[in-house]
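Coordinates from entry_12.txt are shown below (compact mmCIF, C-alpha atoms).
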# COMPACT_ATOMS: atom_id res chain seq x y z
CA MET A 1 0.00 0.00 0.00
CA HIS A 2 1.24 3.49 -0.80
CA GLN A 3 2.14 5.40 2.33
CA PRO A 4 1.14 9.06 2.59
CA GLN A 5 3.75 11.75 2.89
CA GLU A 6 2.72 13.42 6.11
CA GLY A 7 2.17 17.09 6.82
CA PRO A 8 2.17 18.46 10.36
CA ALA A 9 -1.43 17.44 11.04
CA ALA A 10 -1.49 14.16 9.14
CA ARG A 11 -2.83 11.02 10.80
CA PRO A 12 -2.87 8.51 7.93
CA GLY A 13 -5.27 5.60 8.16
CA ARG A 14 -7.51 6.88 10.97
CA LYS A 15 -9.42 9.98 11.91
CA PRO A 16 -7.98 12.49 14.39
CA ALA A 17 -8.96 12.03 18.04
CA THR A 18 -10.63 15.45 17.87
CA PRO A 19 -12.44 15.58 14.51
CA LEU A 20 -12.03 18.70 12.42
CA ALA A 21 -15.12 20.79 11.78
CA GLY A 22 -15.58 19.58 8.23
CA GLY A 23 -14.31 16.00 8.12
CA ARG A 24 -11.78 14.63 5.60
CA VAL A 25 -11.60 15.34 1.88
CA LEU A 26 -9.41 13.77 -0.81
CA ILE A 27 -8.55 15.74 -3.96
CA VAL A 28 -7.10 13.86 -6.94
CA ALA A 29 -5.50 16.10 -9.57
CA THR A 30 -2.21 17.02 -11.17
CA GLY A 31 0.25 18.70 -8.83
CA ARG A 32 0.05 21.92 -10.90
CA ASP A 33 -3.74 22.33 -10.78
CA ARG A 34 -4.45 25.93 -9.70
CA GLY A 35 -8.13 25.26 -9.07
CA ALA A 36 -7.36 22.25 -6.88
CA LEU A 37 -4.90 24.38 -4.90
CA ALA A 38 -7.56 27.05 -4.29
CA ALA A 39 -9.97 24.30 -3.21
CA ALA A 40 -7.47 22.76 -0.79
CA ARG A 41 -6.92 26.15 0.83
CA ALA A 42 -10.65 26.77 1.06
CA PHE A 43 -11.28 23.36 2.61
CA ARG A 44 -8.56 23.98 5.18
CA ARG A 45 -10.01 27.40 6.11
CA ALA A 46 -13.39 25.69 6.62
CA GLY A 47 -11.83 23.11 8.96
CA TRP A 48 -11.45 20.07 6.72
CA TYR A 49 -8.53 17.63 6.79
CA VAL A 50 -7.14 17.64 3.23
CA GLY A 51 -5.43 14.82 1.36
CA VAL A 52 -4.24 15.10 -2.23
CA GLY A 53 -3.49 12.35 -4.73
CA THR A 54 -1.27 13.24 -7.68
CA PRO A 55 0.71 11.34 -10.31
CA GLU A 56 3.92 13.29 -9.67
CA SER A 57 5.94 13.81 -6.50
CA GLY A 58 5.98 17.34 -5.14
CA GLY A 59 4.17 19.97 -7.16
CA SER A 60 2.57 23.18 -5.99
CA LEU A 61 -0.54 21.37 -4.69
CA GLY A 62 1.38 19.04 -2.40
CA ALA A 63 3.62 21.91 -1.26
CA SER A 64 0.69 23.81 0.27
CA THR A 65 0.29 23.97 4.04
CA ALA A 66 -3.38 23.19 3.37
CA CYS A 67 -2.32 19.66 2.42
CA ASP A 68 -2.17 17.22 5.34
CA ALA A 69 -1.09 14.14 3.38
CA THR A 70 -0.17 13.27 -0.21
CA PHE A 71 -0.62 10.01 -2.10
CA HIS A 72 0.50 8.67 -5.45
CA VAL A 73 -2.50 8.42 -7.78
CA PRO A 74 -1.81 7.84 -11.50
CA ARG A 75 -3.73 9.77 -14.14
CA PRO A 76 -6.90 8.01 -15.38
CA ARG A 77 -5.38 6.47 -18.51
CA ASP A 78 -4.10 3.08 -19.73
CA GLY A 79 -7.31 1.31 -18.80
CA SER A 80 -7.43 3.26 -15.49
CA SER A 81 -6.58 0.25 -13.31
CA GLY A 82 -3.68 2.21 -11.82
CA PHE A 83 -5.95 5.19 -11.19
CA ILE A 84 -8.60 3.08 -9.47
CA GLU A 85 -6.05 1.31 -7.29
CA GLY A 86 -4.36 4.61 -6.38
CA VAL A 87 -7.64 6.19 -5.31
CA ARG A 88 -8.64 3.06 -3.37
CA GLU A 89 -5.36 2.96 -1.47
CA ALA A 90 -5.44 6.70 -0.71
CA ALA A 91 -9.08 6.51 0.43
CA GLU A 92 -8.39 3.60 2.77
CA ALA A 93 -5.13 5.03 4.14
CA GLY A 94 -6.65 8.44 4.84
CA ALA A 95 -10.15 7.33 5.94
CA PHE A 96 -11.63 10.10 3.77
CA ASP A 97 -15.28 11.10 3.74
CA VAL A 98 -15.47 12.23 0.09
CA VAL A 99 -13.26 12.46 -3.02
CA PHE A 100 -13.09 15.22 -5.66
CA GLY A 101 -11.49 15.25 -9.13
CA GLY A 102 -9.45 18.28 -10.13
CA GLY A 103 -9.79 18.25 -13.93
CA ASP A 104 -12.32 17.00 -16.48
CA ASP A 105 -10.58 13.62 -16.83
CA TRP A 106 -10.23 13.14 -13.06
CA MET A 107 -13.89 14.09 -12.53
CA ALA A 108 -15.12 11.82 -15.31
CA ALA A 109 -13.02 8.87 -14.14
CA LEU A 110 -14.26 9.15 -10.56
CA ALA A 111 -17.84 9.24 -11.84
CA ALA A 112 -17.27 6.28 -14.19
CA TYR A 113 -15.55 4.05 -11.61
CA ARG A 114 -17.43 5.15 -8.47
CA SER A 115 -18.63 1.57 -7.78
CA GLN A 116 -14.98 0.52 -7.39
CA ILE A 117 -14.03 3.42 -5.10
CA PRO A 118 -14.65 2.91 -1.35
CA VAL A 119 -15.48 6.55 -0.60
CA PRO A 120 -18.36 8.80 -1.76
CA VAL A 121 -17.63 10.61 -5.04
CA ALA A 122 -18.67 14.28 -5.07
CA HIS A 123 -19.52 14.33 -8.77
CA PRO A 124 -22.78 13.26 -10.47
CA ASP A 125 -23.23 9.90 -12.18
CA PHE A 126 -21.14 9.31 -15.29
CA ASP A 127 -24.00 9.77 -17.79
CA VAL A 128 -24.55 13.29 -16.40
CA VAL A 129 -20.84 14.13 -16.40
CA GLU A 130 -20.53 12.74 -19.93
CA THR A 131 -23.37 15.01 -21.07
CA VAL A 132 -21.78 18.25 -19.85
CA LEU A 133 -18.37 17.31 -21.28
CA ASP A 134 -19.88 16.64 -24.70
CA LYS A 135 -20.05 19.97 -26.55
CA LEU A 136 -22.86 18.84 -28.88
CA ARG A 137 -25.10 17.52 -26.08
CA LEU A 138 -24.43 20.59 -23.94
CA ALA A 139 -25.47 22.92 -26.80
CA ARG A 140 -28.77 21.06 -27.13
CA PHE A 141 -29.56 21.37 -23.41
CA ALA A 142 -28.60 25.06 -23.49
CA GLY A 143 -30.99 25.69 -26.38
CA LYS A 144 -33.87 23.95 -24.55
CA ALA A 145 -33.32 26.30 -21.58
CA GLY A 146 -33.26 29.42 -23.76
CA LEU A 147 -29.50 29.92 -23.48
CA ALA A 148 -27.61 31.05 -26.56
CA SER A 149 -24.57 29.04 -27.64
CA PRO A 150 -22.32 29.05 -30.71
CA HIS A 151 -23.42 26.96 -33.68
CA THR A 152 -21.69 23.61 -33.20
CA GLU A 153 -21.46 20.50 -35.38
CA LEU A 154 -19.41 17.35 -35.70
CA ALA A 155 -16.31 17.85 -37.87
CA THR A 156 -17.20 15.46 -40.67
CA ASP A 157 -15.62 15.84 -44.09
CA GLU A 158 -18.99 17.10 -45.34
CA ALA A 159 -19.20 19.72 -42.57
CA LEU A 160 -15.70 20.96 -43.37
CA ALA A 161 -16.50 21.19 -47.06
CA GLY A 162 -19.65 23.19 -46.37
CA TRP A 163 -18.22 25.55 -43.73
CA SER A 164 -17.80 29.21 -44.66
CA GLY A 165 -15.67 31.69 -42.71
CA PRO A 166 -13.60 31.35 -39.53
CA LEU A 167 -14.19 28.54 -37.05
CA VAL A 168 -13.03 27.08 -33.76
CA VAL A 169 -11.94 23.42 -33.65
CA LYS A 170 -12.39 21.56 -30.35
CA CYS A 171 -12.46 18.02 -29.04
CA LYS A 172 -16.04 16.76 -28.70
CA GLU A 173 -15.08 15.38 -25.27
CA HIS A 174 -11.86 15.04 -23.28
CA TRP A 175 -12.07 11.62 -21.61
CA ALA A 176 -13.64 8.20 -22.07
CA PRO A 177 -13.47 4.93 -20.08
CA GLN A 178 -10.53 2.69 -21.02
CA GLN A 179 -8.75 5.67 -22.59
CA THR A 180 -5.07 4.98 -23.18
CA HIS A 181 -3.90 8.37 -24.47
CA PRO A 182 -4.43 12.05 -23.61
CA LEU A 183 -7.30 13.78 -25.39
CA ARG A 184 -6.82 17.26 -23.95
CA ILE A 185 -6.15 19.08 -27.20
CA GLU A 186 -7.02 22.72 -26.62
CA ALA A 187 -9.50 24.65 -28.75
CA LYS A 188 -7.98 26.63 -31.60
CA LEU A 189 -9.31 29.38 -33.90
CA PHE A 190 -8.77 29.14 -37.67
CA PRO A 191 -9.56 31.60 -40.49
CA SER A 192 -11.08 28.89 -42.71
CA ALA A 193 -12.06 25.24 -42.89
CA ALA A 194 -9.08 24.53 -45.13
CA ALA A 195 -6.70 25.92 -42.50
CA ALA A 196 -8.49 23.91 -39.79
CA ARG A 197 -8.27 20.53 -41.50
CA SER A 198 -4.85 19.64 -40.03
CA GLN A 199 -6.18 20.24 -36.50
CA VAL A 200 -9.19 18.05 -37.20
CA GLU A 201 -6.88 15.30 -38.44
CA ARG A 202 -4.71 15.69 -35.34
CA ILE A 203 -7.72 15.15 -33.09
CA ARG A 204 -8.87 12.17 -35.13
CA ALA A 205 -5.38 10.66 -34.95
CA ALA A 206 -5.56 10.90 -31.14
CA GLY A 207 -8.67 8.73 -31.21
CA ALA A 208 -11.10 11.56 -30.50
CA GLN A 209 -13.87 13.32 -32.41
CA ALA A 210 -13.48 16.94 -33.46
CA ILE A 211 -16.22 19.54 -33.58
CA LEU A 212 -16.53 22.78 -35.50
CA GLN A 213 -17.85 25.81 -33.66
CA GLU A 214 -18.85 29.30 -34.70
CA PRO A 215 -16.47 31.91 -33.22
CA ILE A 216 -18.13 34.42 -30.90
CA GLU A 217 -16.61 37.85 -30.36
CA GLY A 218 -17.17 39.13 -26.85
CA THR A 219 -16.12 39.41 -23.22
CA LEU A 220 -15.49 36.25 -21.26
CA GLY A 221 -17.63 35.87 -18.16
CA ALA A 222 -18.76 33.11 -15.82
CA LEU A 223 -21.65 32.19 -13.54
CA ILE A 224 -20.61 30.07 -10.55
CA GLY A 225 -22.32 28.36 -7.65
CA VAL A 226 -23.23 25.09 -5.95
CA PHE A 227 -26.33 23.52 -7.52
CA HIS A 228 -28.42 21.79 -4.86
CA ASP A 229 -32.11 20.83 -4.79
CA GLY A 230 -32.77 22.68 -8.03
CA ARG A 231 -31.25 25.99 -7.00
CA LEU A 232 -27.89 27.68 -7.53
CA LEU A 233 -26.42 28.59 -4.12
CA GLY A 234 -23.61 31.05 -3.41
CA ARG A 235 -24.09 32.65 -6.80
CA THR A 236 -20.97 34.36 -8.12
CA GLN A 237 -20.70 36.16 -11.44
CA GLN A 238 -17.43 37.41 -12.90
CA VAL A 239 -16.03 39.05 -16.02
CA SER A 240 -12.53 38.59 -17.39
CA THR A 241 -10.76 41.55 -18.94
CA HIS A 242 -7.40 39.91 -19.72
CA LEU A 243 -6.80 36.35 -20.98
CA TRP A 244 -3.84 34.05 -21.43
CA PRO A 245 -3.07 32.61 -23.89
CA THR A 246 -4.29 35.66 -25.78
CA PRO A 247 -6.85 36.16 -27.21
CA ASN A 248 -8.86 33.01 -26.30
CA GLY A 249 -7.36 31.59 -23.12
CA ALA A 250 -8.13 31.49 -19.41
CA SER A 251 -8.71 34.43 -17.08
CA ALA A 252 -5.51 36.34 -16.32
CA ARG A 253 -7.53 39.12 -14.66
CA ALA A 254 -11.14 39.00 -13.53
CA ARG A 255 -13.54 40.76 -11.18
CA THR A 256 -16.90 39.92 -9.65
CA VAL A 257 -20.07 41.71 -10.80
CA GLU A 258 -23.76 41.79 -9.89
CA VAL A 259 -25.60 38.53 -10.59
CA ASP A 260 -27.84 38.48 -13.70
CA GLU A 261 -31.16 37.04 -12.46
CA VAL A 262 -32.45 36.29 -15.97
CA LEU A 263 -29.30 34.32 -16.75
CA VAL A 264 -29.54 32.45 -13.44
CA GLY A 265 -33.11 31.38 -14.21
CA LYS A 266 -32.12 29.87 -17.56
CA VAL A 267 -29.04 28.20 -16.07
CA GLU A 268 -31.05 26.61 -13.25
CA SER A 269 -33.54 25.28 -15.79
CA MET A 270 -30.71 23.72 -17.82
CA LEU A 271 -29.02 22.18 -14.77
CA ARG A 272 -32.29 20.64 -13.59
CA ASP A 273 -32.87 19.19 -17.05
CA ILE A 274 -29.36 17.70 -17.19
CA GLY A 275 -29.63 16.28 -13.66
CA TRP A 276 -26.61 18.14 -12.31
CA HIS A 277 -25.60 18.62 -8.67
CA GLY A 278 -22.54 20.17 -7.05
CA LEU A 279 -20.11 22.92 -8.05
CA VAL A 280 -20.54 24.52 -11.47
CA GLU A 281 -18.76 27.23 -13.43
CA LEU A 282 -20.49 28.11 -16.70
CA GLN A 283 -18.45 30.27 -19.07
CA PHE A 284 -20.06 32.72 -21.47
CA LEU A 285 -18.94 35.09 -24.21
CA THR A 286 -21.06 38.26 -24.37
CA GLY A 287 -20.87 40.45 -27.46
CA ASP A 288 -22.04 43.97 -28.19
CA ASP A 289 -25.64 42.76 -28.38
CA GLY A 290 -25.49 41.84 -24.68
CA VAL A 291 -26.41 38.20 -25.27
CA PRO A 292 -24.29 35.70 -23.28
CA HIS A 293 -23.34 32.60 -25.30
CA LEU A 294 -22.54 29.46 -23.32
CA ILE A 295 -19.13 28.12 -24.40
CA ASP A 296 -17.98 25.83 -21.57
CA PHE A 297 -19.19 23.89 -18.53
CA ASN A 298 -16.81 23.23 -15.64
CA GLY A 299 -18.28 20.89 -13.04
CA ARG A 300 -15.07 20.68 -11.00
CA PHE A 301 -12.48 23.06 -9.53
CA PHE A 302 -11.53 25.76 -12.03
CA GLY A 303 -8.65 28.21 -12.57
CA SER A 304 -10.23 31.30 -10.99
CA LEU A 305 -11.78 29.48 -8.02
CA ALA A 306 -9.64 31.65 -5.72
CA LEU A 307 -11.75 34.65 -6.78
CA ALA A 308 -15.07 32.93 -6.12
CA GLU A 309 -13.88 31.74 -2.69
CA SER A 310 -12.65 35.24 -1.87
CA ALA A 311 -15.89 36.94 -2.91
CA ARG A 312 -18.17 34.23 -1.52
CA PRO A 313 -16.34 32.01 1.00
CA GLY A 314 -17.85 28.59 1.52
CA LEU A 315 -18.49 27.28 -1.99
CA VAL A 316 -16.39 24.11 -1.86
CA HIS A 317 -17.22 23.64 1.83
CA ASN A 318 -20.93 23.54 0.98
CA TRP A 319 -20.30 21.30 -2.00
CA ALA A 320 -18.60 18.81 0.30
CA LEU A 321 -21.46 19.01 2.80
CA THR A 322 -24.02 18.19 0.12
CA ALA A 323 -21.81 15.38 -1.20
CA ILE A 324 -21.82 13.61 2.19
CA GLY A 325 -25.55 14.16 2.68
CA THR A 326 -25.43 17.16 5.01
CA ASP A 327 -27.56 20.27 4.44
CA PRO A 328 -25.48 23.22 3.16
CA SER A 329 -25.03 26.46 5.08
CA PRO A 330 -26.79 29.62 3.83
CA LEU A 331 -24.84 31.07 0.90
CA PRO A 332 -25.74 34.60 -0.21
CA ASP A 333 -24.44 36.06 -3.46
CA ALA A 334 -20.77 36.99 -3.86
CA THR A 335 -19.58 40.51 -3.19
CA PRO A 336 -19.15 42.49 -6.45
CA GLY A 337 -15.88 44.29 -7.15
CA LYS A 338 -13.49 41.62 -5.90
CA ARG A 339 -10.35 41.16 -8.02
CA TYR A 340 -8.44 38.14 -9.23
CA THR A 341 -5.12 37.68 -11.02
CA TRP A 342 -3.19 34.84 -12.52
CA LEU A 343 -0.08 37.00 -12.45
CA THR A 344 2.21 34.70 -14.43
CA GLY A 345 -0.35 34.49 -17.20
CA ASP A 346 -1.03 38.23 -17.10
CA LEU A 347 2.68 39.08 -17.41
CA ARG A 348 3.02 36.71 -20.36
CA ARG A 349 -0.01 38.33 -21.95
CA ALA A 350 1.46 41.81 -21.44
CA ARG A 351 4.64 40.78 -23.27
CA ILE A 352 2.51 39.90 -26.30
CA GLU A 353 -0.35 42.42 -26.26
CA ARG A 354 1.57 45.47 -24.94
CA ARG A 355 -1.56 47.52 -24.24
CA GLY A 356 -0.33 51.12 -24.17
CA GLY A 357 3.24 49.84 -24.55
CA LEU A 358 5.18 47.00 -22.93
CA LEU A 359 6.28 48.80 -19.75
CA ARG A 360 2.87 50.32 -19.16
CA ASP A 361 1.12 46.97 -19.60
CA LEU A 362 3.58 45.16 -17.31
CA ALA A 363 3.15 47.88 -14.68
CA GLY A 364 -0.62 47.58 -14.98
CA SER A 365 -0.39 43.86 -14.30
CA ILE A 366 1.63 44.47 -11.13
CA LEU A 367 -0.71 47.23 -9.90
CA TRP A 368 -3.81 45.12 -10.51
CA SER A 369 -2.27 42.19 -8.65
CA ALA A 370 -1.55 44.30 -5.55
CA ARG A 371 -5.29 44.41 -4.73
CA ALA A 372 -6.28 41.03 -6.13
CA ARG A 373 -6.64 37.44 -4.95
CA HIS A 374 -3.90 35.48 -6.67
CA SER A 375 -4.12 32.19 -8.50
CA ILE A 376 -1.13 30.67 -6.66
CA TRP A 377 0.59 33.28 -4.48
CA ASP A 378 -0.58 33.57 -0.89
CA PRO A 379 1.65 35.14 1.81
CA ARG A 380 0.16 32.69 4.36
CA ASP A 381 1.05 29.71 2.16
CA VAL A 382 4.22 30.34 0.16
CA GLY A 383 5.12 26.70 -0.52
CA PRO A 384 3.26 26.44 -3.86
CA SER A 385 4.93 29.59 -5.21
CA VAL A 386 8.36 28.38 -4.11
CA SER A 387 7.73 24.97 -5.67
CA LEU A 388 6.67 26.57 -8.96
CA ALA A 389 9.71 28.88 -9.01
CA LEU A 390 12.13 26.04 -8.30
CA ARG A 391 10.63 23.88 -11.03
CA ARG A 392 11.06 26.66 -13.57
CA PHE A 393 14.59 27.40 -12.35
CA ARG A 394 15.58 23.75 -12.78
CA ARG A 395 14.05 23.47 -16.21
CA PRO A 396 16.84 23.18 -18.83
As structure tokens, how would this structure be written, given the file I've shared?
Amino acid sequence: MHQPQEGPAARPGRKPATPLAGGRVLIVATGRDRGALAAARAFRRAGWYVGVGTPESGGSLGASTACDATFHVPRPRDGSSGFIEGVREAAEAGAFDVVFGGGDDWMAALAAYRSQIPVPVAHPDFDVVETVLDKLRLARFAGKAGLASPHTELATDEALAGWSGPLVVKCKEHWAPQQTHPLRIEAKLFPSAAAARSQVERIRAAGAQAILQEPIEGTLGALIGVFHDGRLLGRTQQVSTHLWPTPNGASARARTVEVDEVLVGKVESMLRDIGWHGLVELQFLTGDDGVPHLIDFNGRFFGSLALAESARPGLVHNWALTAIGTDPSPLPDATPGKRYTWLTGDLRRARIERRGGLLRDLAGSILWSARARHSIWDPRDVGPSVSLALRRFRRP
């Protein structure tokens, strides 16, 4: 059996004599997962004992003081027998109450193999998870709820031949049971179908299906909360003003805004129809017409979770409570005006975009970060930042 690497509070294999306020949670993810790091910190602040299972030793996640014990858990590939065994051994050694997956593949694998895992899985059943990870199915559910979404179709040879204008090529889904190779090929914008063909072939060669999607010009935003008993709790809405990679990446800077009640109503209708429960981050692009178009569904920890937990503390805590069958605490809406930065990404963006000039853009990134919740940096928990810096320093 794999033995945990102990932190100061670790008691592998049995619960502490004096139970923590929240119980014991296990997070399985890569060691570099920024969303999982934010979740571990939030769980610790809420009084949970936190274990993490990762495929690599060290990493910023395991370096956090929020982590009580670490375990070796392989990525869910190569038939996933190693993944299942790793989760089983970690769950038994740490006597955990619930397990969470950090990325789409981790979430989907936990849902698919839950009957072989001796601890409650926080995520919905696999058919529900599979639905939200499938871009074509998700678009159909969005349309039924009155939510706009980009025109999306399977990337057949006929669809490519008939496509006119620019397009985005994506994987239809990112994980499947018995998968033996990575399918996380990021979305990419092309000026024409002819230019996109090589990307479609690349996805096909990886054993996946590609989709073609209409590009939407607009501002990236997100609606976040814990969906429980048909309602979205702890509602948090944010807009992103700077992205990395530019121009279609993740949030490098974001801030919270007032919640759009009309949007919430449509989202709740869609989530009820899908059968979802637990944490959700729905990403939208909103153009000049003011119409938000649904482009992505994250049902697990996400990159800017640190902002949501800063503006509305208690999201992952309440998710864990619902996952173990306990009623959640009251969760009012997030406070508007809170800031977030992924500083490394924002500095890289500034080197490329140079808004107002390179020095001015770099200075703006630093000034914004001074009053923002960071993706990784936390003066109360410097281990992850040190781990990240050392890894980059050692890189040849």
Contacts of segment 101-118 of chain A within 7 Å, only C-alpha atoms, excl. fewer than 6 positions in-chain, as number ranges by chain: A: 27-29, 36, 76, 84, 87-88, 91, 124-126, 129, 174-175, 300-301
What lies within 8 Å of Leu294 of chain A using all atoms listed in the file, ignoring chain neighbours under 4 positions off, as a ChimeraX atom specification? /A:139,142,147-150,282-285
Who sits within 9 Å of His151 of chain A, all atoms listed in the file, same chain under 3 positions skipped, as number ranges by chain: A: 139, 212-215
Could you check the closest approach to Leu279 of chain A for each of A:Ser304, A:Ala122, A:Val25, A:Gly207 and tell me which residue wins, using all atoms listed in the file? A:Ala122
Skipping near chain neighbours, those fewer than 3 positions away, what residues fall within 12 Å of Gly230 of chain A using all atoms listed in the file, listed as a ChimeraX atom specification? /A:225-227,233,264-278
For His123 of chain A, the nearest of the candidates A:Val99, A:Leu305, A:Ala69, A:Ala193, counting all atoms listed in the file: A:Val99
With all atoms listed in the file as the counted atoms, please give the residues lying no more than 12 Å from Arg32 of chain A, apart from itself and same-chain residues fewer than 3 positions off, as a list in words.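 My list of contacting residues is Val28, Ala29, Gly35, Ala36, Leu37, Ala38, Val52, Gly53, Thr54, Pro55, Glu56, Ser57, Gly58, Gly59, Ser60, Leu61, Gly62, Ala63, Ser64, Gly102, Gly103, Gly303, Ser375, Ile376, Pro384, Ser385, Ser387, Leu388 and Arg391 of chain A.
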Computed interatomic separation between atom CA of Leu220 of chain A and atom CA of Ser310 of chain A (Å):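 So the two atoms, atom CA of Leu220 of chain A and atom CA of Ser310 of chain A, lie 19.6 Å apart.
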Put segment 297-355 of chain A into a file with C-alpha atoms, as a tab-separated table (two decimals), in the first residue's frame.
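Okay, this is what ended up in result_32.tsv:
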chain	number	residue	atom	x	y	z
A	297	PHE	CA	-19.19	23.89	-18.53
A	298	ASN	CA	-16.81	23.23	-15.64
A	299	GLY	CA	-18.28	20.89	-13.04
A	300	ARG	CA	-15.07	20.68	-11.00
A	301	PHE	CA	-12.48	23.06	-9.53
A	302	PHE	CA	-11.53	25.76	-12.03
A	303	GLY	CA	-8.65	28.21	-12.57
A	304	SER	CA	-10.23	31.30	-10.99
A	305	LEU	CA	-11.78	29.48	-8.02
A	306	ALA	CA	-9.64	31.65	-5.72
A	307	LEU	CA	-11.75	34.65	-6.78
A	308	ALA	CA	-15.07	32.93	-6.12
A	309	GLU	CA	-13.88	31.74	-2.69
A	310	SER	CA	-12.65	35.24	-1.87
A	311	ALA	CA	-15.89	36.94	-2.91
A	312	ARG	CA	-18.17	34.23	-1.52
A	313	PRO	CA	-16.34	32.01	1.00
A	314	GLY	CA	-17.85	28.59	1.52
A	315	LEU	CA	-18.49	27.28	-1.99
A	316	VAL	CA	-16.39	24.11	-1.86
A	317	HIS	CA	-17.22	23.64	1.83
A	318	ASN	CA	-20.93	23.54	0.98
A	319	TRP	CA	-20.30	21.30	-2.00
A	320	ALA	CA	-18.60	18.81	0.30
A	321	LEU	CA	-21.46	19.01	2.80
A	322	THR	CA	-24.02	18.19	0.12
A	323	ALA	CA	-21.81	15.38	-1.20
A	324	ILE	CA	-21.82	13.61	2.19
A	325	GLY	CA	-25.55	14.16	2.68
A	326	THR	CA	-25.43	17.16	5.01
A	327	ASP	CA	-27.56	20.27	4.44
A	328	PRO	CA	-25.48	23.22	3.16
A	329	SER	CA	-25.03	26.46	5.08
A	330	PRO	CA	-26.79	29.62	3.83
A	331	LEU	CA	-24.84	31.07	0.90
A	332	PRO	CA	-25.74	34.60	-0.21
A	333	ASP	CA	-24.44	36.06	-3.46
A	334	ALA	CA	-20.77	36.99	-3.86
A	335	THR	CA	-19.58	40.51	-3.19
A	336	PRO	CA	-19.15	42.49	-6.45
A	337	GLY	CA	-15.88	44.29	-7.15
A	338	LYS	CA	-13.49	41.62	-5.90
A	339	ARG	CA	-10.35	41.16	-8.02
A	340	TYR	CA	-8.44	38.14	-9.23
A	341	THR	CA	-5.12	37.68	-11.02
A	342	TRP	CA	-3.19	34.84	-12.52
A	343	LEU	CA	-0.08	37.00	-12.45
A	344	THR	CA	2.21	34.70	-14.43
A	345	GLY	CA	-0.35	34.49	-17.20
A	346	ASP	CA	-1.03	38.23	-17.10
A	347	LEU	CA	2.68	39.08	-17.41
A	348	ARG	CA	3.02	36.71	-20.36
A	349	ARG	CA	-0.01	38.33	-21.95
A	350	ALA	CA	1.46	41.81	-21.44
A	351	ARG	CA	4.64	40.78	-23.27
A	352	ILE	CA	2.51	39.90	-26.30
A	353	GLU	CA	-0.35	42.42	-26.26
A	354	ARG	CA	1.57	45.47	-24.94
A	355	ARG	CA	-1.56	47.52	-24.24
